[in-house]
Amino acid sequence: MAADALAELAKRRGFFFGSNGAYGGTAGFYTFGPQGAALKRNVEDAWRDRFTIREGNREIEAPTVMPEAVFEASGHLEGFDDMLVECPECGKSHRADHLVEDATDVEDAEALPGEAVAELIADNGIACPACGTELAGQPVEAFNLMFATDIGPGDAQPGYLRPETAQGIFVEFPRLKEYARGNLPFGITQIGPAYRNEISPRGGLLRLREFTQAELEQFIDPEEDEPPLDRVRDVEVRLYPATEQEADDGDYLDTTVGEAVDEGVIGSPWVGYYLGVAQEWYERVGVDLDRFRFRQHLAGERAHYAADCWDAESEVDGDWIEIAGFAYRGDYDLSKHDEYGDDAFTVFKRYDEPKTVERAAVDPDMSVLGPEFGGDAAAVAEALETLAERDPDAFDAETVEVTVGEGDDVETHAVDVDVANFAVEEVTESGEHIIPHVVEPSFGVGRTVQTLLAHAYSEDEVDGESRTYLSLEPEVAPQDAAVFPLVTNDDRLTALADEVAADLRAAGLAVAYDDSGSIGRRYRRQDEVGTPFCVTVDRDGIEGDGPDTVTLRERDSAAQVRIPVAALADELTALREGEPFASVADRYDAVDTDVETAGN
């Protein structure tokens, strides 16, 4: 389907639309309408079920604003940039790599250095999309994507809106490890908003300035912890490795997760495990796997923290879009916060048997250091301890040199080895403190929603009439069912329809009620928003000696069966949980009469 058709349907039927329209709109911000908010919430719940509950992980909710020091430690202040080029005529700013990708055959301009992108702009005569002025010769500059803010009034503390939910997990690791009793592996999840000051927001929900992420941070001991790979070993995946992307005749690799890990195509078994889990989850929520792949990042496009990274990508309107990333982050994040923070970002790894090891140590004579170095004495002692751990051979000489201070106040001091009291001792240790490694599956919720809508969009004919419908999986559809009285001039039908709707809602089902227009038009409205089942209350169901019945209609096939009112809630619940409609239909009588064309 064309992107404009999806955008029109999304706006008309209340899925999503540009925010702040009454004030001219704000690029990069979208409001989810009633249908879209429900769909998005169901996607989040399905993700939570699979990646939190079924994996035995725990979920947190951290603040969206964090102090500057967090992002200095994480590297975002220096390395979280996009390429910006500014038009010299109209002053509009554009994402330089996107301009190149739109105008040339280059698919991953983001992986190129800025100078190379500037050359491509010049060589291809690329012009400003706003005014048509050629951009040749204009510098391509790094633009940091984080939104800055002040925390508190007056002489405020500088802060930023988080560009990813991950940092909210990492900075709380010292406390989170206590909840896990210091035992690895353990996983922490979070679903929530993140913010990036995109240069050129575009593509509906694909590139926003505020968006929702669902992330899992899996903390592991890289020497001992292995994933339960056998659970997904036979899951079939379509991979697009970096080697194939760089080859002139490169192609997809259709294989299984187990084979890809065994052959080293996927370097980390943990990443392979989560690719398999994600493949099964995407199929569960309704992604068309014929329009889905896992693409490995090229070396130039990997994030600063990632040793290896794969993206889950879906095809939407002829383009491949990233909808999730799977990164082996190593110990980068926790090491940085351990260095910059005031707490320990390590866990204690207990040995199976105590070990006796040689340990270099110093016991500086402060009665000498104090008079000699004054206010620097404590810093000198600390520097001697660090040197003993890092380079014990330095104490073979008669004196050792240590550096203390920062910036312009750095000083080097010479200390007699006898004053340092250096010694190598045998120590029995029961374990060691290690910094865990991190494996991160990170999902874009809005991008998943847009993918589901694009892949579910369908057109066909029912009884000679064309219709548009969204073939959404019942688990994620905005509504579980819609209830209609066939006509509104019969009090018995409207009373029963009201009662049925109320009972279904009491059973925890999301139910719409519609008594406006012909029954056929009501079906069409529900088909277009993806409601999987419609319940029609008609006279045939309330007349006779038996229990009251209703007509249950399935969206995709338009098949109908007559079902007792008393069984309706249980059957709809089973259908929402994945039971095929054909199985339910086998238990009841098919409806031969055509209620789709009946009028009020």
# chains A, B, ... in the order shown; residues from 1 in each chain; ligands from 1

call {"tool": "closest_atom_pairs", "arguments": {"of": "segment 149-253 of chain A", "to": "segment 32-54 of chain A", "cutoff": "8 Å", "atoms": "only C-alpha atoms", "output": "JSON lines"}}
result
{"residue": "A:Ile188", "atom": "CA", "partner": "A:Thr52", "partner_atom": "CA", "distance": 7.8}
{"residue": "A:Thr189", "atom": "CA", "partner": "A:Thr52", "partner_atom": "CA", "distance": 6.5}
{"residue": "A:Ile191", "atom": "CA", "partner": "A:Glu44", "partner_atom": "CA", "distance": 7.5}
{"residue": "A:Ala214", "atom": "CA", "partner": "A:Glu44", "partner_atom": "CA", "distance": 7.5}
{"residue": "A:Leu216", "atom": "CA", "partner": "A:Phe51", "partner_atom": "CA", "distance": 7.4}

call {"tool": "residues_around", "arguments": {"residues": "Trp310 of chain A", "least_positions_apart": "5", "cutoff": "10 Å", "atoms": "only C-alpha atoms", "output": "VMD selection string"}}
result
chain A and resid 239 to 242 266 271 to 272 275 293 to 298 302 322 324 to 328 441

call {"tool": "write_last_selection", "arguments": {"atoms": "N, CA and C atoms", "output": "PDB file, in the first residue's frame"}}
result
ATOM      1  N   LEU A 239      18.860 -13.640   7.115  1.00  0.00           N
ATOM      2  CA  LEU A 239      19.934 -12.760   7.549  1.00  0.00           C
ATOM      3  C   LEU A 239      20.533 -12.019   6.356  1.00  0.00           C
ATOM      4  N   TYR A 240      21.006 -10.811   6.631  1.00  0.00           N
ATOM      5  CA  TYR A 240      21.719 -10.017   5.626  1.00  0.00           C
ATOM      6  C   TYR A 240      23.032  -9.578   6.269  1.00  0.00           C
ATOM      7  N   PRO A 241      24.035 -10.467   6.282  1.00  0.00           N
ATOM      8  CA  PRO A 241      25.292 -10.160   6.973  1.00  0.00           C
ATOM      9  C   PRO A 241      26.058  -9.029   6.294  1.00  0.00           C
ATOM     10  N   ALA A 242      26.981  -8.430   7.026  1.00  0.00           N
ATOM     11  CA  ALA A 242      27.779  -7.332   6.491  1.00  0.00           C
ATOM     12  C   ALA A 242      28.570  -7.775   5.266  1.00  0.00           C
ATOM     13  N   ILE A 266      26.494 -15.197  13.149  1.00  0.00           N
ATOM     14  CA  ILE A 266      26.113 -14.408  14.321  1.00  0.00           C
ATOM     15  C   ILE A 266      27.186 -14.664  15.373  1.00  0.00           C
ATOM     16  N   VAL A 271      23.172 -12.831  21.244  1.00  0.00           N
ATOM     17  CA  VAL A 271      22.484 -12.087  20.187  1.00  0.00           C
ATOM     18  C   VAL A 271      21.665 -13.050  19.337  1.00  0.00           C
ATOM     19  N   GLY A 272      22.233 -14.211  19.001  1.00  0.00           N
ATOM     20  CA  GLY A 272      21.496 -15.195  18.229  1.00  0.00           C
ATOM     21  C   GLY A 272      20.231 -15.645  18.924  1.00  0.00           C
ATOM     22  N   LEU A 275      17.634 -12.944  18.575  1.00  0.00           N
ATOM     23  CA  LEU A 275      17.096 -12.875  17.207  1.00  0.00           C
ATOM     24  C   LEU A 275      16.019 -13.931  17.027  1.00  0.00           C
ATOM     25  N   ARG A 293      13.552  -9.061   7.748  1.00  0.00           N
ATOM     26  CA  ARG A 293      14.906  -9.593   7.712  1.00  0.00           C
ATOM     27  C   ARG A 293      15.696  -9.079   8.913  1.00  0.00           C
ATOM     28  N   PHE A 294      16.841  -9.718   9.178  1.00  0.00           N
ATOM     29  CA  PHE A 294      17.804  -9.218  10.151  1.00  0.00           C
ATOM     30  C   PHE A 294      19.047  -8.776   9.376  1.00  0.00           C
ATOM     31  N   ARG A 295      19.410  -7.500   9.519  1.00  0.00           N
ATOM     32  CA  ARG A 295      20.567  -6.957   8.809  1.00  0.00           C
ATOM     33  C   ARG A 295      21.663  -6.600   9.806  1.00  0.00           C
ATOM     34  N   GLN A 296      22.866  -7.075   9.524  1.00  0.00           N
ATOM     35  CA  GLN A 296      24.003  -6.772  10.382  1.00  0.00           C
ATOM     36  C   GLN A 296      24.536  -5.376  10.088  1.00  0.00           C
ATOM     37  N   HIS A 297      24.874  -4.633  11.143  1.00  0.00           N
ATOM     38  CA  HIS A 297      25.459  -3.300  10.956  1.00  0.00           C
ATOM     39  C   HIS A 297      26.831  -3.415  10.301  1.00  0.00           C
ATOM     40  N   LEU A 298      27.099  -2.508   9.383  1.00  0.00           N
ATOM     41  CA  LEU A 298      28.447  -2.358   8.854  1.00  0.00           C
ATOM     42  C   LEU A 298      29.324  -1.695   9.916  1.00  0.00           C
ATOM     43  N   ARG A 302      27.988   1.121  13.304  1.00  0.00           N
ATOM     44  CA  ARG A 302      27.732   0.617  14.647  1.00  0.00           C
ATOM     45  C   ARG A 302      27.812   1.746  15.667  1.00  0.00           C
ATOM     46  N   GLU A 322      14.329   0.084  10.000  1.00  0.00           N
ATOM     47  CA  GLU A 322      14.752  -0.558  11.244  1.00  0.00           C
ATOM     48  C   GLU A 322      13.616  -0.510  12.254  1.00  0.00           C
ATOM     49  N   ALA A 324      13.995  -2.749  15.220  1.00  0.00           N
ATOM     50  CA  ALA A 324      14.624  -3.176  16.470  1.00  0.00           C
ATOM     51  C   ALA A 324      16.115  -3.331  16.233  1.00  0.00           C
ATOM     52  N   GLY A 325      16.880  -3.223  17.309  1.00  0.00           N
ATOM     53  CA  GLY A 325      18.319  -3.445  17.240  1.00  0.00           C
ATOM     54  C   GLY A 325      18.737  -4.438  18.312  1.00  0.00           C
ATOM     55  N   PHE A 326      19.721  -5.267  17.986  1.00  0.00           N
ATOM     56  CA  PHE A 326      20.211  -6.285  18.911  1.00  0.00           C
ATOM     57  C   PHE A 326      21.723  -6.109  19.014  1.00  0.00           C
ATOM     58  N   ALA A 327      22.190  -5.590  20.139  1.00  0.00           N
ATOM     59  CA  ALA A 327      23.595  -5.199  20.273  1.00  0.00           C
ATOM     60  C   ALA A 327      24.262  -5.954  21.413  1.00  0.00           C
ATOM     61  N   TYR A 328      25.496  -6.384  21.160  1.00  0.00           N
ATOM     62  CA  TYR A 328      26.354  -6.862  22.239  1.00  0.00           C
ATOM     63  C   TYR A 328      27.187  -5.661  22.683  1.00  0.00           C
ATOM     64  N   PRO A 441      18.489  -6.208  23.408  1.00  0.00           N
ATOM     65  CA  PRO A 441      17.455  -6.081  22.383  1.00  0.00           C
ATOM     66  C   PRO A 441      16.658  -4.790  22.628  1.00  0.00           C
TER      67      PRO A 441
END

call {"tool": "residues_around", "arguments": {"residues": "Glu72 of chain A", "least_positions_apart": "5", "cutoff": "9 Å", "atoms": "only C-alpha atoms", "output": "number ranges by chain"}}
result
A: 77-78, 340

call {"tool": "closest_residue", "arguments": {"among": "A:Gly56, A:Gly75, A:Pro129, A:Gly204", "to": "Val100 of chain A", "atoms": "only C-alpha atoms"}}
result
A:Pro129

call {"tool": "select_by_dssp", "arguments": {"residues": "segment 131-357 of chain A", "states": "strand (DSSP E or B)", "output": "PyMOL selection string"}}
result
chain A and resi 134+141-144+148-151+157-161+186-195+202+207+210-220+236-240+253-256+292-296+308-316+319-330+347-357
